[in-house]
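Report on the following structure.
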Amino acid sequence: LEWEKSGLVGRIDQSVIPTMNHCATVDAGELEKLRRVTSVVRMGHVLRVEPGQVTLQEGSLSVPGAALYVDCSSNGLRPRPPVKVFDGSKITLQSVLLCQQVFSAALIAHIEIRRIDDDAKNALCTPVPHPETSQDFLRGQMVGLQNMLSWERAGVGPWLRKARLNQQAHTPDFKVGMRFVWRVLRSDYGGALLRRGQTGVQEKYCKFLERLLDQQSSPEAPHPEVPGVSASCRPAETARGSPIAWRSVRGG
C-alpha cells in the first residue's frame with residue numbers, strides 16, 4: 001500500500017486486496033481507463049462458456065446469446081521449476097530479477113563472460129520464478145534483492161548503472177522519486193539509508209520480506225528451492241571477475 005501511495009504500483013479496484021500478481025504493467029493513463037469498467041464479476045475462474053451462460057467456480061452468469069467473448073486471462077509466462085542457470089556447457093535463461101526477463105538475459109550474459117566458476121556465477125544468478133500469487137510477488141522481491149546485493153558485492157554495480165535494460169538505471173519521475181525518498185527517510189529505513197545508502201535499505205527491506213514470508217508460509221505454498229543456491233538477505237561471498245571482463249559488456 002505504501003508503494004501505491006508513492007505511485008509505484010496500482011490497483012484497478014482500490015477496495016480489493018489482490019491475491020494474484022502476473023507482473024502486469026500499465027501507465028497512469030491506462031490505469032484510469034481500466035477503472036472505467038464498472039461491471040465486474042467476482043465468482044472465480046471461468047469453467048465453461050456456452051450460448052447465454054458463463055459458468056464460473058462460484059456460480060453462473062446469464063449473458064446475451066450473441067455475446068462475443070474475448071479471453072485475456074492467459075498467462076504469458078507459465079511457472080516452471082527453477083534450475084541452475086549455469087550447468088557446465090548449458091545455460092538456462094531465467095529471470096534473476098522479478099518481472100524483468102529481458103534485463104535478466106543481459107545480466108546472465110554479463111556474468112557468463114566473467115572469469116569465475118559455475119558455482120560463483122550461480123551465486124549471482126538465483127532464479128526468480130514468475131509470480132502467480134501475491135505471496136510469490138513478495139518472495140520474488142526478496143530473492144531479487146538478494147541477487148542485487150550479491151551483484152554490488154561482486155563489483156557488478158558499474159555495469160548495472162549503465163545497462164539500458166536495467167530499470168533502476170533510468171531516472172524516475174522527479175515528484176514520484178522525491179515522495180518515495182521522503183517516505184523512506186521518515187520510516188524505519190531512514191537510518192539504514194543514511195548509514196549505508198541504497199544497499200542498506202535493500203538489506204533491511206529484504207530482511208523484512210523474509211520475516212513476512214516466514215509468517216505467511218504454509219505447507220500448501222512451499223517456496224521453490226534451487227539446488228546448490230541459497231536465498232538469503234546477506235550477500236553471498238562471490239569472486240570478482242577481472243576488470244577487463246566486466247568492462248567488456250556495456251548497455252543492454
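Chains: A, B, ... in order of the C-alpha cells. Residues: from 1 per chain. Ligands: from 1, in order shown.
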>> Quick one: residues within 12 Å of Phe137 of chain A, only C-alpha atoms, excluding same-chain residues fewer than 3 positions away - as a PyMOL selection string?
In response: chain A and resi 18-24+97-99+128-134+140-144+209+213+223
> Expressed in Å to a single decimal, how great is the separation between atom CA of Gly29 of chain A and atom CA of Gly10 of chain A?
Replying inline: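 Between atom CA of Gly29 of chain A and atom CA of Gly10 of chain A the gap is 11.6 Å.
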> So how many Å separate atom CA of Ala106 of chain A and atom CA of Gly7 of chain A, to one decimal?
Replying inline: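 Computed distance, atom CA of Ala106 of chain A to atom CA of Gly7 of chain A, equals 27.5 Å.
Considering the residues A:Ser62, A:Thr38, A:Ser104, A:Ser89 and counting only C-alpha atoms, Glu50 of chain A has its shortest atom-to-atom contact with A:Ser62.
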>> Excluding Ala66 of chain A and its own-chain neighbours fewer than 3 positions away, which residues fall within 12 Å of it when counting only C-alpha atoms? Please give them as a PyMOL selection string.
In response: chain A and resi 50-53+62-63+69
Expected file contents, prior selection, N, CA and C atoms, as a PDB file, in the first residue's frame:
```pdb
ATOM      1  N   GLU A  50     -20.867 -21.001 -22.855  1.00  0.00           N
ATOM      2  CA  GLU A  50     -21.849 -21.543 -23.791  1.00  0.00           C
ATOM      3  C   GLU A  50     -22.849 -20.448 -24.122  1.00  0.00           C
ATOM      4  N   PRO A  51     -23.622 -20.584 -25.185  1.00  0.00           N
ATOM      5  CA  PRO A  51     -24.586 -19.540 -25.556  1.00  0.00           C
ATOM      6  C   PRO A  51     -25.528 -19.193 -24.406  1.00  0.00           C
ATOM      7  N   GLY A  52     -25.535 -17.932 -24.021  1.00  0.00           N
ATOM      8  CA  GLY A  52     -26.450 -17.469 -22.987  1.00  0.00           C
ATOM      9  C   GLY A  52     -25.976 -17.643 -21.564  1.00  0.00           C
ATOM     10  N   GLN A  53     -24.824 -18.276 -21.351  1.00  0.00           N
ATOM     11  CA  GLN A  53     -24.408 -18.517 -19.971  1.00  0.00           C
ATOM     12  C   GLN A  53     -22.894 -18.733 -19.845  1.00  0.00           C
ATOM     13  N   SER A  62     -25.778 -15.112 -16.576  1.00  0.00           N
ATOM     14  CA  SER A  62     -26.561 -15.084 -17.802  1.00  0.00           C
ATOM     15  C   SER A  62     -26.094 -13.933 -18.678  1.00  0.00           C
ATOM     16  N   VAL A  63     -25.897 -14.220 -19.960  1.00  0.00           N
ATOM     17  CA  VAL A  63     -25.438 -13.208 -20.910  1.00  0.00           C
ATOM     18  C   VAL A  63     -26.256 -13.325 -22.189  1.00  0.00           C
ATOM     19  N   TYR A  69     -17.072 -13.241 -26.659  1.00  0.00           N
ATOM     20  CA  TYR A  69     -16.168 -13.440 -25.526  1.00  0.00           C
ATOM     21  C   TYR A  69     -14.729 -13.227 -25.985  1.00  0.00           C
TER      22      TYR A  69
END
```
> Which polymer residues have any atom within 6 Å of an atom of Gln57 of chain A, counting only C-alpha atoms, with same-chain residues fewer than 2 positions away left out, as a ChimeraX atom specification?
Replying inline: /A:44-45,59
Written file, previous selection with C-alpha atoms, as a PDB file, in the first residue's frame:
```
ATOM      1  CA  GLY A  44     -13.680 -17.194  -9.522  1.00  0.00           C
ATOM      2  CA  HIS A  45     -12.256 -18.693 -12.703  1.00  0.00           C
ATOM      3  CA  GLY A  59     -21.835 -19.583  -9.789  1.00  0.00           C
TER       4      GLY A  59
END
```
> Interatomic distance between atom CA of Gln168 of chain A and atom CA of Ala120 of chain A?
Replying inline: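 Result for atom CA of Gln168 of chain A versus atom CA of Ala120 of chain A: 24.0 Å, one decimal.
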> Quick one: DSSP strand (DSSP E or B) residues in segment 22-142 of chain A, as a list in words?
Replying inline: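 Those in segment 22-142 of chain A that DSSP calls strand (DSSP E or B) are Val46, Leu47, Arg48, Val49, Glu50, Gln53, Val54, Thr55, Leu56, Gly59, Ser60, Leu61, Ser62, Phe86, Asp87, Lys90, Ile91 and Thr133 of chain A.
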Go ahead and write the selection's residues with N, CA and C atoms as a PDB file, in the first residue's frame.
```
ATOM      1  N   VAL A  46     -13.360 -18.921 -14.835  1.00  0.00           N
ATOM      2  CA  VAL A  46     -14.371 -19.418 -15.771  1.00  0.00           C
ATOM      3  C   VAL A  46     -14.155 -20.908 -16.013  1.00  0.00           C
ATOM      4  N   LEU A  47     -15.220 -21.695 -15.871  1.00  0.00           N
ATOM      5  CA  LEU A  47     -15.145 -23.138 -16.114  1.00  0.00           C
ATOM      6  C   LEU A  47     -15.679 -23.515 -17.481  1.00  0.00           C
ATOM      7  N   ARG A  48     -16.718 -22.796 -17.937  1.00  0.00           N
ATOM      8  CA  ARG A  48     -17.341 -23.172 -19.205  1.00  0.00           C
ATOM      9  C   ARG A  48     -18.066 -21.959 -19.799  1.00  0.00           C
ATOM     10  N   VAL A  49     -17.984 -21.816 -21.122  1.00  0.00           N
ATOM     11  CA  VAL A  49     -18.683 -20.751 -21.841  1.00  0.00           C
ATOM     12  C   VAL A  49     -19.598 -21.400 -22.853  1.00  0.00           C
ATOM     13  N   GLU A  50     -20.867 -21.001 -22.855  1.00  0.00           N
ATOM     14  CA  GLU A  50     -21.849 -21.543 -23.791  1.00  0.00           C
ATOM     15  C   GLU A  50     -22.849 -20.448 -24.122  1.00  0.00           C
ATOM     16  N   GLN A  53     -24.824 -18.276 -21.351  1.00  0.00           N
ATOM     17  CA  GLN A  53     -24.408 -18.517 -19.971  1.00  0.00           C
ATOM     18  C   GLN A  53     -22.894 -18.733 -19.845  1.00  0.00           C
ATOM     19  N   VAL A  54     -22.344 -18.214 -18.764  1.00  0.00           N
ATOM     20  CA  VAL A  54     -20.945 -18.458 -18.401  1.00  0.00           C
ATOM     21  C   VAL A  54     -20.941 -19.119 -17.026  1.00  0.00           C
ATOM     22  N   THR A  55     -20.320 -20.272 -16.924  1.00  0.00           N
ATOM     23  CA  THR A  55     -20.244 -20.980 -15.654  1.00  0.00           C
ATOM     24  C   THR A  55     -18.881 -20.733 -15.026  1.00  0.00           C
ATOM     25  N   LEU A  56     -18.911 -20.252 -13.765  1.00  0.00           N
ATOM     26  CA  LEU A  56     -17.682 -19.950 -13.042  1.00  0.00           C
ATOM     27  C   LEU A  56     -17.573 -20.844 -11.804  1.00  0.00           C
ATOM     28  N   GLY A  59     -20.498 -19.891  -9.298  1.00  0.00           N
ATOM     29  CA  GLY A  59     -21.835 -19.583  -9.789  1.00  0.00           C
ATOM     30  C   GLY A  59     -21.848 -19.437 -11.301  1.00  0.00           C
ATOM     31  N   SER A  60     -22.973 -18.960 -11.821  1.00  0.00           N
ATOM     32  CA  SER A  60     -23.111 -18.789 -13.266  1.00  0.00           C
ATOM     33  C   SER A  60     -23.648 -17.398 -13.558  1.00  0.00           C
ATOM     34  N   LEU A  61     -23.445 -16.960 -14.804  1.00  0.00           N
ATOM     35  CA  LEU A  61     -23.831 -15.621 -15.225  1.00  0.00           C
ATOM     36  C   LEU A  61     -24.590 -15.712 -16.532  1.00  0.00           C
ATOM     37  N   SER A  62     -25.778 -15.112 -16.576  1.00  0.00           N
ATOM     38  CA  SER A  62     -26.561 -15.084 -17.802  1.00  0.00           C
ATOM     39  C   SER A  62     -26.094 -13.933 -18.678  1.00  0.00           C
ATOM     40  N   PHE A  86      23.694 -21.758 -14.685  1.00  0.00           N
ATOM     41  CA  PHE A  86      24.936 -22.255 -15.291  1.00  0.00           C
ATOM     42  C   PHE A  86      25.172 -23.697 -14.848  1.00  0.00           C
ATOM     43  N   ASP A  87      25.219 -24.580 -15.808  1.00  0.00           N
ATOM     44  CA  ASP A  87      25.407 -26.000 -15.515  1.00  0.00           C
ATOM     45  C   ASP A  87      26.297 -26.612 -16.595  1.00  0.00           C
ATOM     46  N   LYS A  90      25.817 -25.869 -20.403  1.00  0.00           N
ATOM     47  CA  LYS A  90      24.414 -25.477 -20.592  1.00  0.00           C
ATOM     48  C   LYS A  90      24.088 -24.236 -19.768  1.00  0.00           C
ATOM     49  N   ILE A  91      23.408 -23.269 -20.415  1.00  0.00           N
ATOM     50  CA  ILE A  91      22.914 -22.073 -19.735  1.00  0.00           C
ATOM     51  C   ILE A  91      21.394 -22.035 -19.894  1.00  0.00           C
ATOM     52  N   THR A 133       0.865 -15.686  -7.303  1.00  0.00           N
ATOM     53  CA  THR A 133       0.099 -15.110  -6.201  1.00  0.00           C
ATOM     54  C   THR A 133       0.818 -13.896  -5.634  1.00  0.00           C
TER      55      THR A 133
END
```
If you run DSSP on the backbone, which residues of segment 13-109 of chain A are helix (DSSP H, G or I), as a PDB file with N, CA and C atoms, in the first residue's frame?
```
ATOM      1  N   ALA A  28      -0.130   5.380 -15.820  1.00  0.00           N
ATOM      2  CA  ALA A  28      -1.204   6.015 -15.050  1.00  0.00           C
ATOM      3  C   ALA A  28      -2.457   6.241 -15.904  1.00  0.00           C
ATOM      4  N   GLY A  29      -2.270   6.648 -17.166  1.00  0.00           N
ATOM      5  CA  GLY A  29      -3.410   6.886 -18.040  1.00  0.00           C
ATOM      6  C   GLY A  29      -4.178   5.614 -18.352  1.00  0.00           C
ATOM      7  N   GLU A  30      -3.453   4.536 -18.601  1.00  0.00           N
ATOM      8  CA  GLU A  30      -4.109   3.255 -18.885  1.00  0.00           C
ATOM      9  C   GLU A  30      -4.858   2.748 -17.662  1.00  0.00           C
ATOM     10  N   LEU A  31      -4.286   2.966 -16.483  1.00  0.00           N
ATOM     11  CA  LEU A  31      -4.950   2.524 -15.250  1.00  0.00           C
ATOM     12  C   LEU A  31      -6.280   3.242 -15.060  1.00  0.00           C
ATOM     13  N   GLU A  32      -6.298   4.541 -15.353  1.00  0.00           N
ATOM     14  CA  GLU A  32      -7.548   5.294 -15.230  1.00  0.00           C
ATOM     15  C   GLU A  32      -8.606   4.768 -16.204  1.00  0.00           C
ATOM     16  N   LYS A  33      -8.185   4.396 -17.407  1.00  0.00           N
ATOM     17  CA  LYS A  33      -9.142   3.855 -18.378  1.00  0.00           C
ATOM     18  C   LYS A  33      -9.680   2.504 -17.918  1.00  0.00           C
ATOM     19  N   LEU A  34      -8.826   1.673 -17.342  1.00  0.00           N
ATOM     20  CA  LEU A  34      -9.279   0.373 -16.837  1.00  0.00           C
ATOM     21  C   LEU A  34     -10.307   0.541 -15.724  1.00  0.00           C
ATOM     22  N   GLN A 101      12.492 -10.095 -17.406  1.00  0.00           N
ATOM     23  CA  GLN A 101      13.066 -11.207 -18.156  1.00  0.00           C
ATOM     24  C   GLN A 101      14.150 -10.757 -19.138  1.00  0.00           C
ATOM     25  N   VAL A 102      13.914  -9.648 -19.844  1.00  0.00           N
ATOM     26  CA  VAL A 102      14.872  -9.201 -20.850  1.00  0.00           C
ATOM     27  C   VAL A 102      16.159  -8.719 -20.183  1.00  0.00           C
ATOM     28  N   PHE A 103      16.028  -7.915 -19.138  1.00  0.00           N
ATOM     29  CA  PHE A 103      17.211  -7.493 -18.389  1.00  0.00           C
ATOM     30  C   PHE A 103      17.951  -8.700 -17.825  1.00  0.00           C
ATOM     31  N   SER A 104      17.215  -9.696 -17.341  1.00  0.00           N
ATOM     32  CA  SER A 104      17.842 -10.881 -16.757  1.00  0.00           C
ATOM     33  C   SER A 104      18.726 -11.591 -17.775  1.00  0.00           C
ATOM     34  N   ALA A 105      18.280 -11.671 -19.024  1.00  0.00           N
ATOM     35  CA  ALA A 105      19.088 -12.309 -20.065  1.00  0.00           C
ATOM     36  C   ALA A 105      20.393 -11.540 -20.268  1.00  0.00           C
ATOM     37  N   ALA A 106      20.315 -10.202 -20.248  1.00  0.00           N
ATOM     38  CA  ALA A 106      21.518  -9.389 -20.411  1.00  0.00           C
ATOM     39  C   ALA A 106      22.464  -9.574 -19.225  1.00  0.00           C
ATOM     40  N   LEU A 107      21.898  -9.625 -18.013  1.00  0.00           N
ATOM     41  CA  LEU A 107      22.717  -9.803 -16.813  1.00  0.00           C
ATOM     42  C   LEU A 107      23.406 -11.159 -16.827  1.00  0.00           C
ATOM     43  N   ILE A 108      22.679 -12.210 -17.225  1.00  0.00           N
ATOM     44  CA  ILE A 108      23.267 -13.546 -17.298  1.00  0.00           C
ATOM     45  C   ILE A 108      24.409 -13.578 -18.311  1.00  0.00           C
ATOM     46  N   ALA A 109      24.235 -12.888 -19.439  1.00  0.00           N
ATOM     47  CA  ALA A 109      25.305 -12.823 -20.442  1.00  0.00           C
ATOM     48  C   ALA A 109      26.529 -12.115 -19.876  1.00  0.00           C
TER      49      ALA A 109
END
```
